[in-house]
file structure14.txt (compact mmCIF, C-alpha atoms)
# COMPACT_ATOMS: atom_id res chain seq x y z
CA MET A 110 -7.58 6.28 55.06
CA LYS A 111 -7.13 2.52 54.98
CA SER A 112 -10.72 1.93 53.97
CA THR A 113 -10.35 4.45 51.12
CA VAL A 114 -7.36 2.51 49.79
CA ARG A 115 -9.25 -0.74 50.15
CA LEU A 116 -12.20 0.68 48.21
CA PHE A 117 -9.89 2.06 45.56
CA THR A 118 -8.25 -1.33 45.02
CA SER A 119 -11.40 -3.43 45.26
CA ASN A 120 -12.78 -5.28 42.27
CA SER A 121 -16.34 -4.10 42.83
CA PHE A 122 -15.37 -0.41 42.78
CA TRP A 123 -13.70 -0.75 39.40
CA ILE A 124 -16.41 -3.00 37.96
CA ALA A 125 -18.97 -0.36 38.94
CA LEU A 126 -16.81 2.48 37.56
CA PHE A 127 -16.16 0.76 34.24
CA CYS A 128 -19.84 -0.20 33.90
CA ILE A 129 -20.86 3.41 34.48
CA LEU A 130 -18.28 4.61 31.94
CA ALA A 131 -19.41 1.98 29.41
CA ALA A 132 -23.05 2.96 29.87
CA ALA A 133 -22.14 6.63 29.50
CA SER A 134 -20.21 5.82 26.30
CA VAL A 135 -23.14 3.91 24.82
CA THR A 136 -25.46 6.80 25.66
CA ALA A 137 -23.05 9.30 24.14
CA ILE A 138 -22.67 7.19 20.98
CA PHE A 139 -26.47 7.07 20.56
CA ILE A 140 -26.84 10.79 21.18
CA ILE A 141 -24.07 11.64 18.71
CA ALA A 142 -25.41 9.25 16.05
CA ASN A 143 -28.90 10.71 16.32
CA SER A 144 -27.98 14.36 16.55
CA GLY A 145 -26.23 16.51 14.04
CA ALA A 146 -27.96 17.97 11.05
CA LYS A 147 -28.08 16.70 7.51
CA GLY A 148 -25.47 18.64 5.59
CA LYS A 149 -25.61 19.82 2.01
CA ILE A 150 -21.95 20.32 1.21
CA ALA A 151 -18.71 18.60 2.12
CA LYS A 152 -15.33 20.21 2.63
CA ILE A 153 -12.36 18.04 1.86
CA TYR A 154 -9.08 18.74 3.60
CA SER A 155 -5.77 17.19 2.65
CA ASN A 156 -2.98 17.65 5.20
CA ASN A 157 -4.91 20.46 6.91
CA GLU A 158 -5.55 22.36 3.68
CA LEU A 159 -8.94 22.77 2.10
CA VAL A 160 -8.58 21.24 -1.35
CA ARG A 161 -12.17 20.90 -2.49
CA THR A 162 -15.71 21.85 -1.60
CA VAL A 163 -18.42 19.70 -3.12
CA SER A 164 -22.19 19.62 -3.15
CA LEU A 165 -23.86 16.45 -1.92
CA ASP A 166 -26.80 16.98 -4.31
CA ARG A 167 -24.95 15.76 -7.34
CA GLU A 168 -23.53 12.29 -7.86
CA ASP A 169 -19.78 12.37 -8.21
CA GLU A 170 -16.65 10.29 -7.84
CA PHE A 171 -13.13 11.67 -7.70
CA THR A 172 -9.68 10.98 -6.32
CA ILE A 173 -7.84 13.06 -3.73
CA LYS A 174 -4.11 12.51 -3.78
CA SER A 175 -1.66 13.52 -1.11
CA LYS A 176 2.02 12.75 -0.73
CA GLU A 177 1.06 9.84 1.53
CA GLY A 178 -1.49 8.17 -0.74
CA TYR A 179 -4.85 8.43 -2.45
CA ASN A 180 -8.52 8.21 -1.49
CA ILE A 181 -11.40 7.80 -3.93
CA ILE A 182 -14.43 9.72 -2.71
CA ARG A 183 -17.96 8.95 -3.87
CA ILE A 184 -21.08 11.06 -3.54
CA ARG A 185 -24.36 9.23 -3.95
CA ASN A 186 -27.94 9.82 -2.78
CA GLY A 187 -26.92 12.95 -0.90
CA LYS A 188 -24.26 11.12 1.09
CA ILE A 189 -20.47 11.09 0.91
CA SER A 190 -18.12 8.18 1.47
CA VAL A 191 -14.58 7.03 0.81
CA CYS A 192 -14.98 4.01 -1.46
CA GLU A 193 -11.32 3.20 -1.95
CA SER A 194 -8.07 4.04 -0.19
CA ASP A 195 -4.51 2.78 -0.29
CA CYS A 196 -4.11 3.20 3.45
CA LYS A 197 -3.40 0.20 5.64
CA ASN A 198 -6.18 0.33 8.20
CA GLN A 199 -9.12 1.13 5.83
CA ILE A 200 -10.94 2.91 8.64
CA CYS A 201 -12.11 5.60 6.23
CA VAL A 202 -13.62 3.02 3.84
CA ASN A 203 -15.23 1.02 6.65
CA GLN A 204 -16.94 4.11 8.02
CA GLY A 205 -19.37 4.04 5.08
CA GLU A 206 -21.41 6.95 3.82
CA THR A 207 -22.53 9.94 5.82
CA ASP A 208 -24.43 13.21 5.53
CA ASN A 209 -24.07 14.01 9.23
CA ASP A 210 -22.36 17.34 9.91
CA LEU A 211 -21.20 16.21 13.35
CA ILE A 212 -19.03 13.23 12.46
CA PRO A 213 -16.11 13.78 10.06
CA ILE A 214 -14.67 11.03 7.88
CA VAL A 215 -10.96 10.82 8.63
CA CYS A 216 -8.13 8.96 6.97
CA VAL A 217 -5.19 9.70 9.24
CA PRO A 218 -2.54 7.79 7.20
CA ASN A 219 -3.29 9.84 4.08
CA GLY A 220 -3.98 13.11 5.92
CA LEU A 221 -7.56 13.30 4.64
CA VAL A 222 -10.49 14.86 6.49
CA ILE A 223 -14.01 15.17 5.05
CA ARG A 224 -16.35 17.50 6.91
CA VAL A 225 -20.00 17.71 6.00
CA GLU A 226 -21.42 21.20 6.44
CA ASN A 227 -24.74 22.86 6.00
CA GLY A 228 -23.55 25.57 3.68
CA ASN A 229 -25.07 27.00 0.56
CA ALA A 230 -24.40 24.29 -1.96
CA LYS A 231 -24.79 26.36 -5.12
CA SER A 232 -22.49 29.26 -4.38
CA ASP A 233 -19.83 27.05 -2.84
CA TYR A 234 -19.90 24.37 -5.42
CA ASP A 235 -16.50 23.37 -6.70
CA THR A 236 -15.08 26.82 -6.28
CA GLU A 237 -11.89 25.72 -4.67
CA ILE A 238 -10.47 23.04 -6.92
CA MET B 46 34.66 -22.29 51.76
CA LYS B 47 34.07 -18.59 51.35
CA ASN B 48 35.45 -18.64 47.85
CA GLU B 49 33.21 -21.52 46.81
CA ASP B 50 30.24 -19.67 48.18
CA SER B 51 30.94 -16.55 46.12
CA VAL B 52 31.55 -18.64 43.01
CA ALA B 53 28.18 -20.32 43.47
CA ARG B 54 26.57 -16.93 44.03
CA SER B 55 28.04 -15.43 40.89
CA LYS B 56 27.01 -18.52 38.93
CA ASN B 57 23.49 -18.07 40.20
CA LYS B 58 23.58 -14.39 39.23
CA LYS B 59 24.74 -15.25 35.75
CA ARG B 60 22.01 -17.84 35.39
CA LYS B 61 19.41 -15.30 36.45
CA ALA B 62 20.70 -12.77 33.93
CA LEU B 63 20.68 -15.42 31.23
CA TYR B 64 17.11 -16.34 32.13
CA LYS B 65 16.09 -12.67 32.03
CA TYR B 66 17.61 -11.88 28.64
CA THR B 67 16.34 -15.09 27.06
CA ALA B 68 12.85 -14.43 28.39
CA MET B 69 13.01 -10.85 27.06
CA ALA B 70 14.06 -12.04 23.61
CA ILE B 71 11.34 -14.69 23.48
CA LEU B 72 8.66 -12.29 24.72
CA THR B 73 9.69 -9.65 22.14
CA THR B 74 9.31 -12.27 19.42
CA VAL B 75 5.95 -13.47 20.75
CA SER B 76 4.75 -9.87 20.96
CA LEU B 77 5.84 -9.22 17.38
CA ILE B 78 4.04 -12.36 16.21
CA PHE B 79 0.82 -11.28 17.98
CA PHE B 80 1.13 -7.84 16.41
CA THR B 81 1.73 -9.17 12.90
CA VAL B 82 -1.03 -11.77 13.08
CA GLU B 83 -3.50 -9.20 14.37
CA ALA B 84 -2.55 -6.78 11.60
CA ALA B 85 -3.12 -9.51 9.02
CA LEU B 86 -6.58 -10.40 10.35
CA PRO B 87 -9.55 -8.54 8.87
CA PRO B 88 -9.91 -5.31 10.88
CA ILE B 89 -12.86 -4.62 13.16
CA PRO B 90 -14.95 -2.18 11.08
CA ILE B 91 -15.13 0.49 13.76
CA GLN B 92 -12.83 3.51 13.94
CA GLY B 93 -9.49 2.36 15.23
CA VAL B 94 -10.81 -0.49 17.35
CA LYS B 95 -8.59 -3.51 17.85
CA VAL B 96 -8.06 -6.03 20.59
CA GLY B 97 -4.33 -5.39 21.02
CA PHE B 98 -3.04 -8.86 21.79
CA SER B 99 0.55 -7.63 22.10
CA ASN B 100 -0.48 -6.01 25.35
CA VAL B 101 -0.75 -9.47 26.90
CA VAL B 102 3.03 -9.66 26.57
CA THR B 103 3.57 -6.24 28.16
CA LEU B 104 1.34 -7.12 31.11
CA VAL B 105 2.87 -10.56 31.62
CA ALA B 106 6.39 -9.11 31.35
CA ILE B 107 5.70 -6.46 34.01
CA PHE B 108 4.95 -9.19 36.54
CA LEU B 109 7.34 -11.85 35.28
CA LEU B 110 10.46 -9.78 34.62
CA GLY B 111 9.93 -6.25 35.86
CA LYS B 112 8.91 -2.85 34.61
CA TRP B 113 12.03 -1.79 32.72
CA GLU B 114 12.27 -5.17 31.07
CA ALA B 115 8.62 -4.89 29.99
CA PHE B 116 9.24 -1.37 28.68
CA THR B 117 12.26 -2.56 26.68
CA ILE B 118 10.17 -5.38 25.16
CA LEU B 119 7.39 -2.92 24.25
CA VAL B 120 9.72 -0.42 22.59
CA MET B 121 11.63 -3.16 20.75
CA ARG B 122 8.37 -4.59 19.43
CA ILE B 123 7.17 -1.19 18.19
CA ILE B 124 10.50 -0.46 16.48
CA LEU B 125 10.65 -3.89 14.84
CA ALA B 126 7.00 -3.79 13.76
CA SER B 127 7.54 -0.37 12.18
CA ILE B 128 10.62 -1.60 10.32
CA PHE B 129 8.81 -4.64 8.95
CA ALA B 130 5.43 -3.21 8.11
CA GLY B 131 4.98 0.38 9.03
CA SER B 132 5.56 4.01 8.35
CA VAL B 133 6.82 6.95 10.38
CA LEU B 134 3.19 7.73 11.16
CA SER B 135 2.28 4.27 12.39
CA PHE B 136 5.42 4.36 14.53
CA GLY B 137 4.22 7.62 16.06
CA PHE B 138 0.81 6.15 16.78
CA SER B 139 2.19 2.97 18.28
CA ILE B 140 4.73 4.71 20.47
CA ALA B 141 2.19 7.29 21.74
CA GLY B 142 -0.38 4.62 22.59
CA GLY B 143 2.20 2.17 23.89
CA VAL B 144 4.01 4.60 26.17
CA MET B 145 0.78 6.07 27.57
CA ALA B 146 -0.51 2.58 28.30
CA PHE B 147 2.80 1.50 29.80
CA ILE B 148 3.04 4.47 32.19
CA ILE B 149 -0.39 3.88 33.71
CA MET B 150 0.15 0.10 33.85
CA ALA B 151 3.55 0.42 35.52
CA VAL B 152 2.09 2.80 38.11
CA THR B 153 -0.96 0.66 38.89
CA ALA B 154 0.59 -2.82 38.57
CA ASP B 155 1.82 -2.90 42.19
CA LEU B 156 -1.40 -1.37 43.46
CA PHE B 157 -3.69 -4.01 41.99
CA GLY B 158 -1.25 -6.90 41.84
CA GLU B 159 -1.45 -10.08 39.82
CA LYS B 160 -4.95 -11.00 41.01
CA LYS B 161 -6.58 -7.79 39.79
CA ILE B 162 -4.54 -7.47 36.64
CA TRP B 163 -7.70 -6.82 34.62
CA ILE B 164 -8.06 -3.37 36.20
CA THR B 165 -4.49 -2.48 35.20
CA SER B 166 -5.23 -3.84 31.73
CA VAL B 167 -8.39 -1.76 31.24
CA LEU B 168 -6.63 1.39 32.47
CA GLY B 169 -3.80 0.65 30.04
CA ALA B 170 -6.25 0.23 27.16
CA VAL B 171 -8.05 3.48 28.02
CA PHE B 172 -4.78 5.43 28.12
CA HIS B 173 -3.57 3.72 24.92
CA ASN B 174 -6.63 4.90 23.04
CA ALA B 175 -6.42 8.36 24.60
CA GLY B 176 -2.82 8.66 23.38
CA GLN B 177 -3.69 7.56 19.87
CA LEU B 178 -6.70 9.87 19.71
CA ALA B 179 -4.50 12.78 20.76
CA VAL B 180 -2.01 11.95 18.00
CA ALA B 181 -4.84 11.71 15.44
CA VAL B 182 -6.11 15.14 16.46
CA ALA B 183 -2.59 16.61 16.36
CA VAL B 184 -1.74 15.10 12.97
CA THR B 185 -4.97 16.08 11.21
CA GLY B 186 -5.50 19.35 13.07
CA THR B 187 -9.15 18.38 13.51
CA PRO B 188 -10.26 18.54 17.16
CA ARG B 189 -13.63 17.20 16.05
CA ILE B 190 -12.08 13.72 15.95
CA PHE B 191 -12.59 13.75 19.74
CA ILE B 192 -16.16 12.79 18.86
CA TYR B 193 -14.85 9.22 18.60
CA ALA B 194 -13.85 9.25 22.28
CA PRO B 195 -16.97 7.37 23.50
CA VAL B 196 -16.43 4.60 20.94
CA LEU B 197 -12.78 4.29 21.93
CA LEU B 198 -13.57 4.38 25.66
CA LEU B 199 -16.14 1.61 25.27
CA SER B 200 -13.79 -0.50 23.17
CA ALA B 201 -10.95 0.03 25.67
CA ILE B 202 -13.11 -1.27 28.51
CA VAL B 203 -14.12 -4.36 26.52
CA THR B 204 -10.73 -5.21 24.99
CA GLY B 205 -8.86 -4.30 28.20
CA THR B 206 -10.95 -6.78 30.16
CA ILE B 207 -10.31 -9.52 27.58
CA ILE B 208 -6.56 -8.88 27.60
CA GLY B 209 -6.50 -8.71 31.40
CA VAL B 210 -8.28 -12.04 31.82
CA VAL B 211 -5.97 -13.70 29.28
CA SER B 212 -2.89 -12.25 31.02
CA SER B 213 -3.91 -13.44 34.46
CA ALA B 214 -4.65 -16.90 33.06
CA ILE B 215 -1.16 -17.01 31.52
CA LEU B 216 0.52 -15.79 34.72
CA ALA B 217 -1.37 -18.32 36.85
CA GLY B 218 -0.80 -21.20 34.44
CA PRO B 219 2.04 -21.91 32.02
CA LEU B 220 4.32 -19.10 33.13
CA LYS B 221 4.27 -19.67 36.87
CA ARG B 222 7.35 -18.00 38.30
CA GLN B 223 10.33 -20.15 39.07

call {"tool": "encode", "arguments": {"input": "structure14.txt", "output": "structure tokens"}}
result
Amino acid sequence: MKSTVRLFTSNSFWIALFCILAAASVTAIFIIANSGAKGKIAKIYSNNELVRTVSLDREDEFTIKSKEGYNIIRIRNGKISVCESDCKNQICVNQGETDNDLIPIVCVPNGLVIRVENGNAKSDYDTEI
Amino acid sequence: MKNEDSVARSKNKKRKALYKYTAMAILTTVSLIFFTVEAALPPIPIQGVKVGFSNVVTLVAIFLLGKWEAFTILVMRIILASIFAGSVLSFGFSIAGGVMAFIIMAVTADLFGEKKIWITSVLGAVFHNAGQLAVAVAVTGTPRIFIYAPVLLLSAIVTGTIIGVVSSAILAGPLKRQ
């Protein structure tokens, strides 16, 4: 019992545990970044509501407004990105462009979520403006 | 004789209380300054990653003043920061992360003590990020945001270690207990 407590409060135990967790995180980040399929369409949600479905084939730039603020979304070279936002942390802008259907672009302050999907681009295109 | 003794004792008590409240006020200010300066610096361009310098104050306060005093400082800082430069949402994020981090740090502070404060700090950082991630998922209704968990776990381990080392240096040096 005493030795268990000593192990649990020892530096080496926690160094080992945190190193394992860090290594696992790095592995997971690599796996996530390299998996996921290239998507053809993007669904844009504002405050949990689907406001627009766009094709990634065509170049486009438009603004999504919510009661919290605005985000300007750009589609270029088959990839989607947020190029401007009035939010404070700018996480959505810093994320850059993506066509990966696994990783959504999220702007929490403005309630914006962009999800890339591998849907049929033509039939879905701009139907839900 | 007896009377003098009790007078001296109550004087001492008053001095201790004065020391405590002054220290709390100063630490709240310092914490707010850290928070504001960090917010003004260019952000780290990774989802929600920041060093969290204000947590140095929380950690130092736990050992210097006590848990409830540290909690009061933390909550005061979050309220003041939200009033000066925040929204209802950023308040929600800060309080979720802050309270999660505080609970785990208060529980483990005695276990690891001042010498192994870095472990408490890393655990605090991990729980802070977990709390904020949970709020992000709840607010956006997008469970897929959990995909950022590995990034946030890694950043918590790195930033938590930095904050822990800084805190122990402060506790061992300039703020040695009287």

call {"tool": "closest_residue", "arguments": {"input": "structure14.txt", "among": "B:Pro195, B:Gly131, B:Gly111, B:Pro87", "to": "chain A", "atoms": "all atoms listed in the file"}}
result
B:Pro195

call {"tool": "interface_residues", "arguments": {"input": "structure14.txt", "of": "chain A", "to": "chain B", "cutoff": "6 Å", "atoms": "only C-alpha atoms", "output": "list in words"}}
result
Ala131, Ser134, Ile200 and Asn203 of chain A

call {"tool": "write_last_selection", "arguments": {"input": "structure14.txt", "atoms": "C-alpha atoms", "output": "PDB file, in the coordinates of the input"}}
result
ATOM      1  CA  ALA A 131     -19.410   1.980  29.410  1.00  0.00           C
ATOM      2  CA  SER A 134     -20.210   5.820  26.300  1.00  0.00           C
ATOM      3  CA  ILE A 200     -10.940   2.910   8.640  1.00  0.00           C
ATOM      4  CA  ASN A 203     -15.230   1.020   6.650  1.00  0.00           C
TER       5      ASN A 203
END

call {"tool": "residues_around", "arguments": {"input": "structure14.txt", "residues": "range 114-121 of chain B", "least_positions_apart": "3", "cutoff": "7 Å", "atoms": "only C-alpha atoms", "output": "list in words"}}
result
Met69, Thr73, Thr103, Ala106, Ile107, Leu110, Gly111, Ile124 and Leu125 of chain B

call {"tool": "atom_distance", "arguments": {"input": "structure14.txt", "atom1": "CA of Ser51 in chain B", "atom2": "CA of Lys65 in chain B"}}
result
20.8 Å

call {"tool": "residues_around", "arguments": {"input": "structure14.txt", "residues": "Ala214 in chain B", "least_positions_apart": "5", "cutoff": "12 Å", "atoms": "only C-alpha atoms", "output": "PyMOL selection string"}}
result
chain B and resi 101+104-105+159-163+207-209+219-221

call {"tool": "atom_distance", "arguments": {"input": "structure14.txt", "atom1": "CA of Cys196 in chain A", "atom2": "CA of Leu178 in chain B"}}
result
17.8 Å

call {"tool": "residues_around", "arguments": {"input": "structure14.txt", "residues": "Ile149 in chain B", "least_positions_apart": "5", "cutoff": "8 Å", "atoms": "all atoms listed in the file", "output": "ChimeraX atom specification"}}
result
/B:165,168-169,172

call {"tool": "atom_distance", "arguments": {"input": "structure14.txt", "atom1": "CA of Lys149 in chain A", "atom2": "CA of Ala179 in chain B"}}
result
29.1 Å
